[in-house]
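> One file is attached below, input.cif, containing mmCIF, C-alpha atoms (C1' of nucleotides).
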```cif
data_final
loop_
_atom_site.label_atom_id
_atom_site.label_comp_id
_atom_site.auth_asym_id
_atom_site.auth_seq_id
_atom_site.Cartn_x
_atom_site.Cartn_y
_atom_site.Cartn_z
CA MET A 13 -0.41 39.21 57.18
CA SER A 14 0.80 40.51 53.84
CA ALA A 15 -1.67 41.81 51.28
CA GLU A 16 -0.81 38.95 48.96
CA GLU A 17 -1.55 36.34 51.61
CA ARG A 18 -4.80 38.11 52.41
CA ARG A 19 -5.81 38.12 48.79
CA GLU A 20 -5.18 34.39 48.77
CA SER A 21 -7.47 33.78 51.73
CA VAL A 22 -10.09 36.08 50.24
CA ILE A 23 -10.13 33.94 47.10
CA ARG A 24 -10.65 30.78 49.14
CA ALA A 25 -13.40 32.37 51.20
CA ALA A 26 -15.00 33.76 48.07
CA MET A 27 -15.07 30.33 46.44
CA SER A 28 -16.93 29.00 49.44
CA GLU A 29 -19.42 31.81 49.64
CA PHE A 30 -20.03 32.22 45.92
CA SER A 31 -20.56 28.48 45.56
CA ARG A 32 -23.56 28.80 47.86
CA GLY A 33 -25.23 31.99 46.73
CA GLY A 34 -23.71 32.74 43.36
CA TYR A 35 -22.60 36.21 42.37
CA TYR A 36 -25.72 38.11 43.32
CA GLY A 37 -26.66 36.02 46.31
CA THR A 38 -23.34 36.55 48.07
CA SER A 39 -22.54 39.75 49.91
CA THR A 40 -19.04 41.09 50.22
CA GLU A 41 -19.69 41.24 53.93
CA ALA A 42 -20.17 37.48 54.04
CA ILE A 43 -16.82 36.99 52.35
CA ALA A 44 -15.13 39.48 54.65
CA LYS A 45 -16.57 37.75 57.72
CA ARG A 46 -15.25 34.41 56.56
CA VAL A 47 -11.81 35.90 56.01
CA GLY A 48 -11.96 37.61 59.38
CA VAL A 49 -11.49 41.09 58.06
CA SER A 50 -13.60 44.21 57.68
CA GLN A 51 -15.77 44.50 54.58
CA PRO A 52 -14.23 47.74 53.26
CA TYR A 53 -10.81 46.19 53.34
CA LEU A 54 -11.79 43.81 50.55
CA PHE A 55 -11.92 46.82 48.25
CA ARG A 56 -8.34 47.57 49.00
CA LEU A 57 -7.31 44.07 48.03
CA PHE A 58 -9.54 43.90 44.96
CA PRO A 59 -10.97 46.66 42.78
CA GLY A 60 -14.52 45.40 43.24
CA LYS A 61 -16.84 42.48 43.77
CA LYS A 62 -16.60 41.35 40.16
CA ALA A 63 -12.83 41.06 40.43
CA ILE A 64 -13.21 38.85 43.47
CA PHE A 65 -15.64 36.58 41.63
CA LEU A 66 -13.36 36.44 38.62
CA ALA A 67 -10.39 35.46 40.77
CA ALA A 68 -12.46 32.77 42.49
CA ALA A 69 -13.67 31.39 39.15
CA GLU A 70 -10.18 31.23 37.72
CA ARG A 71 -8.90 29.52 40.83
CA CYS A 72 -11.75 27.03 40.67
CA LEU A 73 -10.85 26.01 37.12
CA GLU A 74 -7.18 25.94 37.99
CA ASP A 75 -7.90 23.57 40.87
CA SER A 76 -9.73 21.20 38.56
CA VAL A 77 -6.93 21.29 36.00
CA ARG A 78 -4.46 20.42 38.70
CA THR A 79 -6.65 17.62 40.03
CA PHE A 80 -6.74 15.89 36.64
CA GLU A 81 -3.09 16.61 35.90
CA LYS A 82 -2.04 14.97 39.12
CA ALA A 83 -4.41 12.03 38.72
CA SER A 84 -3.37 11.21 35.17
CA GLU A 85 0.34 11.75 35.70
CA GLY A 86 2.23 9.08 33.79
CA LEU A 87 -0.95 7.27 32.75
CA HIS A 88 -2.66 6.87 29.40
CA GLY A 89 -5.86 5.55 27.94
CA GLU A 90 -8.17 3.60 30.19
CA ALA A 91 -5.84 3.78 33.17
CA ALA A 92 -5.84 7.57 32.97
CA LEU A 93 -9.61 7.58 32.56
CA HIS A 94 -10.12 5.58 35.72
CA ALA A 95 -7.59 7.62 37.65
CA MET A 96 -9.26 10.87 36.67
CA ALA A 97 -12.73 9.50 37.38
CA ASP A 98 -11.57 8.40 40.81
CA ALA A 99 -10.06 11.81 41.44
CA TYR A 100 -13.33 13.48 40.51
CA THR A 101 -15.19 11.09 42.77
CA LYS A 102 -13.00 12.27 45.60
CA VAL A 103 -13.85 15.87 44.79
CA ILE A 104 -17.57 15.05 44.80
CA ALA A 105 -17.29 13.59 48.25
CA GLU A 106 -14.80 15.96 49.83
CA GLU A 107 -15.21 19.30 48.07
CA PRO A 108 -18.73 19.52 46.63
CA GLU A 109 -18.32 23.28 46.90
CA ARG A 110 -16.00 23.15 43.92
CA LEU A 111 -18.68 21.57 41.76
CA LEU A 112 -21.20 24.17 42.83
CA MET A 113 -18.73 26.96 42.16
CA GLN A 114 -18.36 25.59 38.64
CA MET A 115 -22.10 25.81 38.10
CA GLN A 116 -22.23 29.31 39.54
CA MET A 117 -19.44 30.26 37.19
CA TYR A 118 -21.33 29.03 34.16
CA VAL A 119 -24.52 30.90 34.92
CA ALA A 120 -22.58 34.02 35.90
CA VAL A 121 -20.90 33.97 32.50
CA ALA A 122 -24.27 33.82 30.77
CA ALA A 123 -25.50 36.80 32.77
CA ALA A 124 -22.33 38.82 32.24
CA GLU A 125 -22.21 38.15 28.50
CA GLN A 126 -25.78 39.31 28.09
CA ALA A 127 -24.92 42.45 30.02
CA GLY A 128 -22.14 43.13 27.54
CA ASP A 129 -19.31 42.19 29.89
CA HIS A 130 -17.09 39.61 28.21
CA GLU A 131 -14.20 39.58 30.67
CA LEU A 132 -15.51 36.76 32.84
CA GLY A 133 -16.68 34.82 29.81
CA GLU A 134 -13.32 34.92 28.10
CA ALA A 135 -11.52 33.87 31.26
CA VAL A 136 -13.90 31.00 31.91
CA ARG A 137 -13.84 29.75 28.33
CA ALA A 138 -10.04 29.87 28.33
CA GLY A 139 -9.95 27.99 31.64
CA TRP A 140 -12.43 25.44 30.39
CA MET A 141 -10.35 24.81 27.28
CA ARG A 142 -7.31 24.24 29.44
CA LEU A 143 -9.34 21.78 31.47
CA TRP A 144 -10.59 20.13 28.31
CA ASP A 145 -7.08 19.73 26.95
CA THR A 146 -5.84 18.49 30.29
CA VAL A 147 -8.33 15.64 30.06
CA HIS A 148 -7.98 15.21 26.31
CA LEU A 149 -4.30 14.33 26.16
CA PRO A 150 -4.17 11.46 28.66
CA LEU A 151 -7.25 9.99 26.97
CA GLY A 152 -5.18 9.56 23.83
CA ALA A 153 -6.58 12.70 22.25
CA ASP A 154 -9.84 10.89 21.64
CA ILE A 155 -12.49 13.58 21.18
CA ASP A 156 -15.47 11.32 21.80
CA GLN A 157 -14.04 9.94 25.00
CA THR A 158 -13.12 13.40 26.21
CA THR A 159 -16.60 14.66 25.46
CA ASP A 160 -18.09 11.72 27.30
CA PHE A 161 -15.90 12.38 30.31
CA MET A 162 -16.84 16.04 30.44
CA ALA A 163 -20.51 15.25 29.89
CA TYR A 164 -20.55 12.85 32.83
CA GLY A 165 -18.82 15.48 34.88
CA MET A 166 -21.47 18.07 34.07
CA LEU A 167 -24.27 15.61 34.83
CA ILE A 168 -22.66 14.87 38.18
CA ASN A 169 -22.38 18.60 38.91
CA CYS A 170 -26.08 19.03 38.23
CA LEU A 171 -27.15 16.04 40.30
CA VAL A 172 -25.03 17.24 43.20
CA ALA A 173 -26.50 20.73 42.92
CA MET A 174 -30.02 19.32 42.92
CA GLY A 175 -29.23 17.42 46.07
CA PHE A 176 -30.00 13.90 44.88
CA ALA A 177 -29.00 11.43 47.59
CA PRO A 178 -25.98 9.25 46.67
CA ARG A 179 -28.07 6.09 46.63
CA HIS A 180 -30.79 7.55 44.42
CA ARG A 181 -31.48 5.70 41.19
CA VAL A 182 -30.44 8.66 39.01
CA TRP A 183 -26.86 7.79 39.95
CA GLU A 184 -27.21 4.21 38.74
CA GLY A 185 -26.00 4.76 35.20
CA LEU A 186 -22.92 6.69 36.26
CA TYR A 187 -19.87 4.51 36.25
CA PRO A 188 -17.52 4.49 37.97
CA ALA A 189 -18.42 7.74 39.67
CA ALA A 190 -21.75 6.54 41.02
CA ARG A 191 -20.46 3.41 42.63
CA SER A 192 -17.53 5.21 44.18
CA LYS A 193 -19.81 8.01 45.30
CA GLY A 194 -22.03 5.50 47.02
CA ARG A 195 -18.99 4.29 48.88
CA LEU A 196 -17.43 7.60 49.72
CA GLU A 197 -20.39 9.76 50.63
CA HIS A 198 -22.14 8.67 53.77
CA MET B 14 -57.20 40.05 31.79
CA SER B 15 -58.13 37.44 34.39
CA ALA B 16 -55.84 36.75 37.30
CA GLU B 17 -55.19 33.27 36.01
CA GLU B 18 -54.10 34.54 32.62
CA ARG B 19 -51.91 37.11 34.32
CA ARG B 20 -50.28 34.45 36.45
CA GLU B 21 -49.55 32.57 33.28
CA SER B 22 -47.80 35.53 31.67
CA VAL B 23 -45.94 36.23 34.89
CA ILE B 24 -44.53 32.71 34.79
CA ARG B 25 -43.35 33.15 31.22
CA ALA B 26 -41.78 36.51 32.00
CA ALA B 27 -40.19 35.10 35.14
CA MET B 28 -38.61 32.26 33.17
CA SER B 29 -37.02 34.79 30.87
CA GLU B 30 -35.76 37.06 33.59
CA PHE B 31 -34.63 34.38 36.02
CA SER B 32 -32.78 32.61 33.22
CA ARG B 33 -30.58 35.69 32.88
CA GLY B 34 -29.94 36.74 36.44
CA GLY B 35 -30.92 33.77 38.53
CA TYR B 36 -32.96 34.08 41.70
CA TYR B 37 -30.97 36.80 43.43
CA GLY B 38 -29.96 38.68 40.30
CA THR B 39 -33.51 39.19 39.14
CA SER B 40 -35.74 41.86 40.65
CA THR B 41 -39.47 41.49 40.85
CA GLU B 42 -39.62 44.86 39.14
CA ALA B 43 -37.90 43.46 36.06
CA ILE B 44 -40.49 40.70 35.89
CA ALA B 45 -43.35 43.13 36.37
CA LYS B 46 -42.01 45.38 33.63
CA ARG B 47 -41.83 42.50 31.21
CA VAL B 48 -45.38 41.51 32.03
CA GLY B 49 -46.49 45.11 31.68
CA VAL B 50 -47.91 45.41 35.14
CA SER B 51 -46.99 47.24 38.33
CA GLN B 52 -44.49 45.50 40.58
CA PRO B 53 -46.70 45.32 43.71
CA TYR B 54 -49.38 43.57 41.73
CA LEU B 55 -47.15 40.50 41.44
CA PHE B 56 -47.64 39.98 45.15
CA ARG B 57 -51.34 39.68 44.64
CA LEU B 58 -50.84 36.99 42.04
CA PHE B 59 -48.14 35.14 44.00
CA PRO B 60 -47.37 35.06 47.72
CA GLY B 61 -43.77 36.12 47.16
CA LYS B 62 -40.72 36.05 44.95
CA LYS B 63 -39.84 32.49 45.89
CA ALA B 64 -43.24 31.28 44.74
CA ILE B 65 -42.72 32.94 41.37
CA PHE B 66 -39.35 31.25 40.98
CA LEU B 67 -40.80 27.90 41.99
CA ALA B 68 -43.59 28.23 39.46
CA ALA B 69 -41.09 29.18 36.75
CA ALA B 70 -38.85 26.22 37.62
CA GLU B 71 -41.72 23.77 37.54
CA ARG B 72 -42.92 25.14 34.22
CA CYS B 73 -39.40 24.89 32.82
CA LEU B 74 -39.18 21.19 33.66
CA GLU B 75 -42.71 20.61 32.43
CA ASP B 76 -41.80 22.20 29.10
CA SER B 77 -38.85 19.86 28.71
CA VAL B 78 -40.95 16.83 29.57
CA ARG B 79 -43.47 17.85 26.94
CA THR B 80 -40.74 18.45 24.37
CA PHE B 81 -39.42 14.91 24.73
CA GLU B 82 -42.86 13.36 24.99
CA LYS B 83 -43.90 14.94 21.72
CA ALA B 84 -40.64 14.14 19.97
CA SER B 85 -40.63 10.47 20.94
CA GLU B 86 -44.34 9.86 20.37
CA GLY B 87 -44.77 6.46 18.80
CA LEU B 88 -41.03 5.89 18.48
CA HIS B 89 -38.65 3.53 20.26
CA GLY B 90 -34.95 2.84 20.56
CA GLU B 91 -32.61 4.63 18.21
CA ALA B 92 -35.41 6.38 16.33
CA ALA B 93 -36.67 7.88 19.59
CA LEU B 94 -33.13 8.85 20.55
CA HIS B 95 -32.59 10.77 17.35
CA ALA B 96 -35.99 12.39 17.52
CA MET B 97 -35.38 13.60 21.06
CA ALA B 98 -31.87 14.78 20.23
CA ASP B 99 -33.23 16.73 17.29
CA ALA B 100 -35.90 18.23 19.49
CA TYR B 101 -33.29 19.33 22.01
CA THR B 102 -31.22 20.79 19.21
CA LYS B 103 -34.17 22.90 18.26
CA VAL B 104 -34.48 24.11 21.85
CA ILE B 105 -30.78 25.03 21.89
CA ALA B 106 -31.21 27.15 18.82
CA GLU B 107 -34.61 28.65 19.48
CA GLU B 108 -35.03 28.81 23.23
CA PRO B 109 -31.59 28.91 24.88
CA GLU B 110 -33.32 30.66 27.78
CA ARG B 111 -34.82 27.34 28.75
CA LEU B 112 -31.40 25.77 29.12
CA LEU B 113 -30.19 28.67 31.21
CA MET B 114 -33.28 28.50 33.38
CA GLN B 115 -32.46 24.85 34.03
CA MET B 116 -29.00 25.79 35.24
CA GLN B 117 -30.36 28.59 37.39
CA MET B 118 -32.79 26.11 38.87
CA TYR B 119 -30.03 23.70 39.84
CA VAL B 120 -27.90 26.26 41.62
CA ALA B 121 -30.95 27.78 43.28
CA VAL B 122 -31.81 24.36 44.69
CA ALA B 123 -28.33 24.03 46.16
CA ALA B 124 -28.62 27.43 47.81
CA ALA B 125 -32.12 26.79 49.14
CA GLU B 126 -31.26 23.37 50.51
CA GLN B 127 -28.31 24.76 52.41
CA ALA B 128 -30.57 27.45 53.81
CA GLY B 129 -32.88 24.74 55.13
CA ASP B 130 -35.60 25.30 52.55
CA HIS B 131 -36.42 22.01 50.86
CA GLU B 132 -39.55 23.03 48.96
CA LEU B 133 -37.80 24.02 45.75
CA GLY B 134 -35.44 21.07 45.96
CA GLU B 135 -38.23 18.54 46.27
CA ALA B 136 -40.15 20.06 43.39
CA VAL B 137 -37.09 20.15 41.15
CA ARG B 138 -36.03 16.62 41.99
CA ALA B 139 -39.55 15.36 41.31
CA GLY B 140 -39.64 17.22 38.02
CA TRP B 141 -36.23 15.92 37.04
CA MET B 142 -37.31 12.35 37.76
CA ARG B 143 -40.36 12.85 35.54
CA LEU B 144 -38.03 14.14 32.85
CA TRP B 145 -35.69 11.21 33.38
CA ASP B 146 -38.51 8.70 33.07
CA THR B 147 -39.89 10.50 30.03
CA VAL B 148 -36.57 9.89 28.30
CA HIS B 149 -36.02 6.48 29.82
CA LEU B 150 -39.07 4.71 28.45
CA PRO B 151 -38.69 5.48 24.72
CA LEU B 152 -35.03 4.48 25.00
CA GLY B 153 -36.16 0.96 25.89
CA ALA B 154 -35.64 1.52 29.61
CA ASP B 155 -31.90 1.36 29.06
CA ILE B 156 -30.32 3.07 32.05
CA ASP B 157 -26.92 3.62 30.45
CA GLN B 158 -28.38 5.16 27.35
CA THR B 159 -30.66 7.39 29.39
CA THR B 160 -27.75 8.52 31.54
CA ASP B 161 -25.72 9.26 28.43
CA PHE B 162 -28.56 11.28 26.96
CA MET B 163 -28.98 13.34 30.10
CA ALA B 164 -25.22 13.80 30.47
CA TYR B 165 -24.92 15.18 26.95
CA GLY B 166 -27.83 17.46 27.71
CA MET B 167 -26.13 18.82 30.80
CA LEU B 168 -22.86 19.34 28.93
CA ILE B 169 -24.75 21.24 26.25
CA ASN B 170 -26.43 23.38 28.89
CA CYS B 171 -23.05 24.29 30.34
CA LEU B 172 -21.45 25.05 26.98
CA VAL B 173 -24.38 27.25 26.03
CA ALA B 174 -24.18 29.07 29.37
CA MET B 175 -20.45 29.64 28.90
CA GLY B 176 -21.17 31.13 25.51
CA PHE B 177 -19.00 28.87 23.37
CA ALA B 178 -19.60 29.69 19.72
CA PRO B 179 -21.44 26.95 17.78
CA ARG B 180 -18.42 26.22 15.58
CA HIS B 181 -16.01 25.97 18.49
CA ARG B 182 -14.12 22.70 18.79
CA VAL B 183 -15.66 21.86 22.19
CA TRP B 184 -18.82 21.01 20.27
CA GLU B 185 -17.05 18.56 18.00
CA GLY B 186 -17.64 15.46 20.06
CA LEU B 187 -21.33 16.12 20.52
CA TYR B 188 -23.41 14.10 18.13
CA PRO B 189 -25.89 14.71 16.72
CA ALA B 190 -26.55 17.85 18.71
CA ALA B 191 -23.34 19.61 17.69
CA ARG B 192 -23.72 19.11 14.00
CA SER B 193 -27.34 20.20 14.08
CA LYS B 194 -26.44 23.14 16.25
CA GLY B 195 -23.87 24.19 13.69
CA ARG B 196 -26.59 24.15 11.11
CA LEU B 197 -29.31 25.80 13.09
CA GLU B 198 -27.48 28.51 14.98
CA HIS B 199 -26.08 31.19 12.74
"C1'" DC C 16 -78.59 53.71 39.84
"C1'" DC C 17 -76.04 51.93 43.14
"C1'" DC C 18 -73.46 47.98 44.83
"C1'" DT C 19 -69.91 44.57 44.70
"C1'" DG C 20 -65.90 42.38 43.48
"C1'" DA C 21 -62.04 41.92 40.81
"C1'" DA C 22 -58.02 44.07 38.35
"C1'" DG C 23 -54.72 47.16 39.00
"C1'" DT C 24 -52.04 51.48 40.71
"C1'" DT C 25 -49.44 55.00 43.68
"C1'" DA C 26 -46.99 55.87 47.62
"C1'" DG C 27 -44.28 54.30 51.06
"C1'" DT C 28 -41.55 51.28 54.54
"C1'" DA C 29 -37.83 48.79 56.22
"C1'" DC C 30 -33.84 46.82 54.84
"C1'" DT C 31 -29.60 45.26 52.36
"C1'" DC C 32 -25.57 46.01 49.90
"C1'" DA C 33 -21.35 47.70 47.27
"C1'" DA C 34 -18.36 51.17 47.52
"C1'" DT C 35 -16.05 55.50 49.56
"C1'" DC C 36 -13.74 58.30 52.97
"C1'" DA C 37 -11.32 59.57 56.73
"C1'" DC C 38 -9.00 57.73 60.15
"C1'" DT C 39 -5.58 54.63 63.36
"C1'" DA C 40 -1.86 51.53 64.74
"C1'" DA C 41 2.22 49.22 63.85
"C1'" DC C 42 6.54 48.99 61.72
"C1'" DC C 43 10.91 50.65 59.51
"C1'" DA C 44 14.64 53.32 57.60
"C1'" DA C 45 17.45 57.60 58.08
"C1'" DT D 2 12.76 61.61 66.51
"C1'" DT D 3 10.88 61.99 62.10
"C1'" DG D 4 8.74 60.80 57.80
"C1'" DG D 5 6.74 57.34 55.09
"C1'" DT D 6 4.58 52.93 54.10
"C1'" DT D 7 1.50 49.11 54.99
"C1'" DA D 8 -2.43 46.65 57.16
"C1'" DG D 9 -6.65 47.56 58.72
"C1'" DT D 10 -11.24 49.81 60.79
"C1'" DG D 11 -15.73 52.64 61.66
"C1'" DA D 12 -19.00 55.52 59.82
"C1'" DT D 13 -21.60 56.54 56.04
"C1'" DT D 14 -23.88 56.99 51.58
"C1'" DG D 15 -26.76 56.21 47.84
"C1'" DA D 16 -28.92 53.04 45.18
"C1'" DG D 17 -31.82 49.20 44.95
"C1'" DT D 18 -35.21 45.72 46.76
"C1'" DA D 19 -39.14 42.79 48.59
"C1'" DC D 20 -43.16 43.58 50.32
"C1'" DT D 21 -47.47 46.36 52.38
"C1'" DA D 22 -51.38 49.45 52.65
"C1'" DA D 23 -54.52 52.26 50.86
"C1'" DC D 24 -56.61 53.92 46.99
"C1'" DT D 25 -58.83 53.79 42.01
"C1'" DT D 26 -61.25 52.13 38.10
"C1'" DC D 27 -64.66 49.67 35.96
"C1'" DA D 28 -67.76 45.89 34.34
"C1'" DG D 29 -72.01 43.41 35.46
"C1'" DG D 30 -76.23 42.42 38.11
"C1'" DG D 31 -80.36 43.36 40.86
#
```
The structure in this file should be written as C-alpha cells.

Amino acid sequence: MSAEERRESVIRAAMSEFSRGGYYGTSTEAIAKRVGVSQPYLFRLFPGKKAIFLAAAERCLEDSVRTFEKASEGLHGEAALHAMADAYTKVIAEEPERLLMQMQMYVAVAAAEQAGDHELGEAVRAGWMRLWDTVHLPLGADIDQTTDFMAYGMLINCLVAMGFAPRHRVWEGLYPAARSKGRLEH
Amino acid sequence: MSAEERRESVIRAAMSEFSRGGYYGTSTEAIAKRVGVSQPYLFRLFPGKKAIFLAAAERCLEDSVRTFEKASEGLHGEAALHAMADAYTKVIAEEPERLLMQMQMYVAVAAAEQAGDHELGEAVRAGWMRLWDTVHLPLGADIDQTTDFMAYGMLINCLVAMGFAPRHRVWEGLYPAARSKGRLEH
DNA sequence: CCCTGAAGTTAGTACTCAATCACTAACCAA
DNA sequence: TTGGTTAGTGATTGAGTACTAACTTCAGGG
C-alpha cells in the first residue's frame, strides 16, 4: 500500500479512536492497531501525534461540510433546512463517532490554545466557518436561522455524548431531529 | 485544615484543571499542586482519580443549577428567560472554565460509557435533568423554549471552547448572550 | 507526660506512552 | 548484478503517571 493510502487509513482510524478517548486518552498504539500497522510506522507517515489529531479534526469538519452540501444541493429555504436536518439525523444514527469527534475537537482546541499552540485552533475555527457558511447560504443567508440550526446541532452532539436514550424526554423539543432519531435509532 | 475542607478545595482545583485538559490530560499532580498539597494525599481524600473527576462534574452541574435558580427566583416567562440568559452571560465572561468543564464532562461520559463504566454517565444525566427542569419551570414548562435555551447554551459552550473572539460574526445570531458577551468580555 | 488520631509527607513501584534508531524485505531501473 | 528507493518492523528509551506504604508532625485529652 502506498504511503498516501496508508495516511488515509490512519486518518480514518484516528477519527474513530480519538472520538472515544480524545487526544490524551488515545494512544498511538491504538491507532496503529486499528490500521494494522506497527506503532513506529505512524511516525513515518506523520510528524507526530498532534499532526494525526489535526488531520483527523480537519477531515471531520470536511465530512460535515460535504454532508450538508450534498443534502442541500439545489434546495433553498425550508426545503434545504429539512434536507440538512434529515442528513444530520442520519449521521446521528449511523456515525455517532463523528459527533463525538467534533466534541473532542472543541475541547482539544481549548486545551491547545491555553498551552500557547494556536495551530489546531486556527484550523478548527476555519473549518467551522466553512461549515457555518455551508449551512448559511441554503438557508437564505438568514443569520438567526443558521444560528438556530447550529445550536440544535450542538445540543444534539452533547445529548449523544451524554448517552441519553433516543426516547428520553430531553429529545422531545428537538424537531425534526428528535422524531427522526426515535425512528432511526433502535 | 479539616479533611472535609480539603476535599472541597480539591474539587475546586480539579474543576479548573480538568476543564483545561479533560480527564486523561490532567494529572493528579497538577491538581495537588493547585491545592497546595502533596499528590499522594489526594488518594486519602478520594478513592481515586475517577472519584475526583466525578465530584468535579457533579459540582459543575450543581453550580449551573444554582446559577439559574438564583437568576430566575420569583420570575416567570420572558422575564425569567432574560434573567437566566444574563446570568449565563456573566458565567461566559467570568468563569469560562465552567463551560469547558461541562464539555469535558460530556466527552468523558461518552468514553466511560463505551468502556462499560456507567457511574459517571448516570450522575451526569441526572444532573443534566435537574438542570433542564430548573430551566423548564420558570419558562412556563414550555418544552420548545427550554430546548432552545439549552441549545443556545451548548452552542455558546462550543464557541467558547473553540476560542472564537467575542466580536466574531459567529456570535451575531446569539441573542441576548452575544451582545452581552461583546460588552462584558474585553 | 504520654497517648491517640488526624493531617500530611517522602520514597518508591509498576506501568504506559510517544518518539527514535537500526534494521529487513520487496521492488525497480541501469 | 548492483545501487537506490519505499514500505515496514522490533527493540528500546526516557519521561510521566496513578497509586501504595511507611513515616512524621502535632494538637488535645486524661
> Based on all atoms listed in the file, which of the residues in chain B come within 9 Å of chain C? I want them as a PyMOL selection string.
chain B and resi 14-16+50-51+53-54
> For Arg71 of chain A, find every residue with an atom within 9 Å (counting all atoms listed in the file), except residues of its own chain fewer than 3 positions away, and show them as a PyMOL selection string.
chain A and resi 23-24+27+66-68+74-76
> For the point (-29.1, 27.4, 44.3) in the file's frame, write as a list in words all residues with an atom no more than 9 Å away, counting all atoms listed in the file.
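Taken together, the residues in range are Ser31, Arg32, Gly33, Gly34, Leu112, Gln116, Ala173 and Met174 of chain A; Gly35, Tyr36, Gln117, Met118, Tyr119, Val120, Ala121, Val122, Ala123, Ala124, Ala125, Glu126 and Gln127 of chain B.
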> Write out as a PDB file with C-alpha atoms, in the coordinates of the input each polymer residue whose atoms come within 10 Å of Glu81 of chain A, counting only C-alpha atoms (C1' of nucleotides); drop sequence neighbours fewer than 3 positions from it.

```pdb
ATOM      1  CA  ASP A  75      -7.900  23.570  40.870  1.00  0.00           C
ATOM      2  CA  SER A  76      -9.730  21.200  38.560  1.00  0.00           C
ATOM      3  CA  VAL A  77      -6.930  21.290  36.000  1.00  0.00           C
ATOM      4  CA  ARG A  78      -4.460  20.420  38.700  1.00  0.00           C
ATOM      5  CA  SER A  84      -3.370  11.210  35.170  1.00  0.00           C
ATOM      6  CA  GLU A  85       0.340  11.750  35.700  1.00  0.00           C
ATOM      7  CA  GLY A  86       2.230   9.080  33.790  1.00  0.00           C
ATOM      8  CA  ALA A  92      -5.840   7.570  32.970  1.00  0.00           C
ATOM      9  CA  MET A  96      -9.260  10.870  36.670  1.00  0.00           C
ATOM     10  CA  LEU A 143      -9.340  21.780  31.470  1.00  0.00           C
ATOM     11  CA  THR A 146      -5.840  18.490  30.290  1.00  0.00           C
ATOM     12  CA  VAL A 147      -8.330  15.640  30.060  1.00  0.00           C
ATOM     13  CA  PRO A 150      -4.170  11.460  28.660  1.00  0.00           C
TER      14      PRO A 150
END
```
> Please check the contacts: residues of chain D at most 8 Å away from chain B, using all atoms listed in the file, listed as a CSV table (one decimal) with C-alpha atoms (C1' of nucleotides), in the coordinates of the input.

```
chain,number,residue,atom,x,y,z
D,18,DT,C1',-35.2,45.7,46.8
D,19,DA,C1',-39.1,42.8,48.6
D,20,DC,C1',-43.2,43.6,50.3
```
> Using only C-alpha atoms, which of the listed residues (A:Gly139, A:Gly152, A:Gly185, A:Pro108) sits closest to chain B?
A:Gly185
> To one decimal place in Å, what is the distance between atom CA of Arg110 of chain A and atom CA of Lys63 of chain B?
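Computing the Euclidean distance for atom CA of Arg110 of chain A and atom CA of Lys63 of chain B yields 25.7 Å.
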> Compare A:Glu29, A:Glu70, A:Glu90, A:Glu184 by their minimum atom-to-atom distance to Ile168 of chain A, counting only C-alpha atoms, and give me the closest one.
A:Glu184
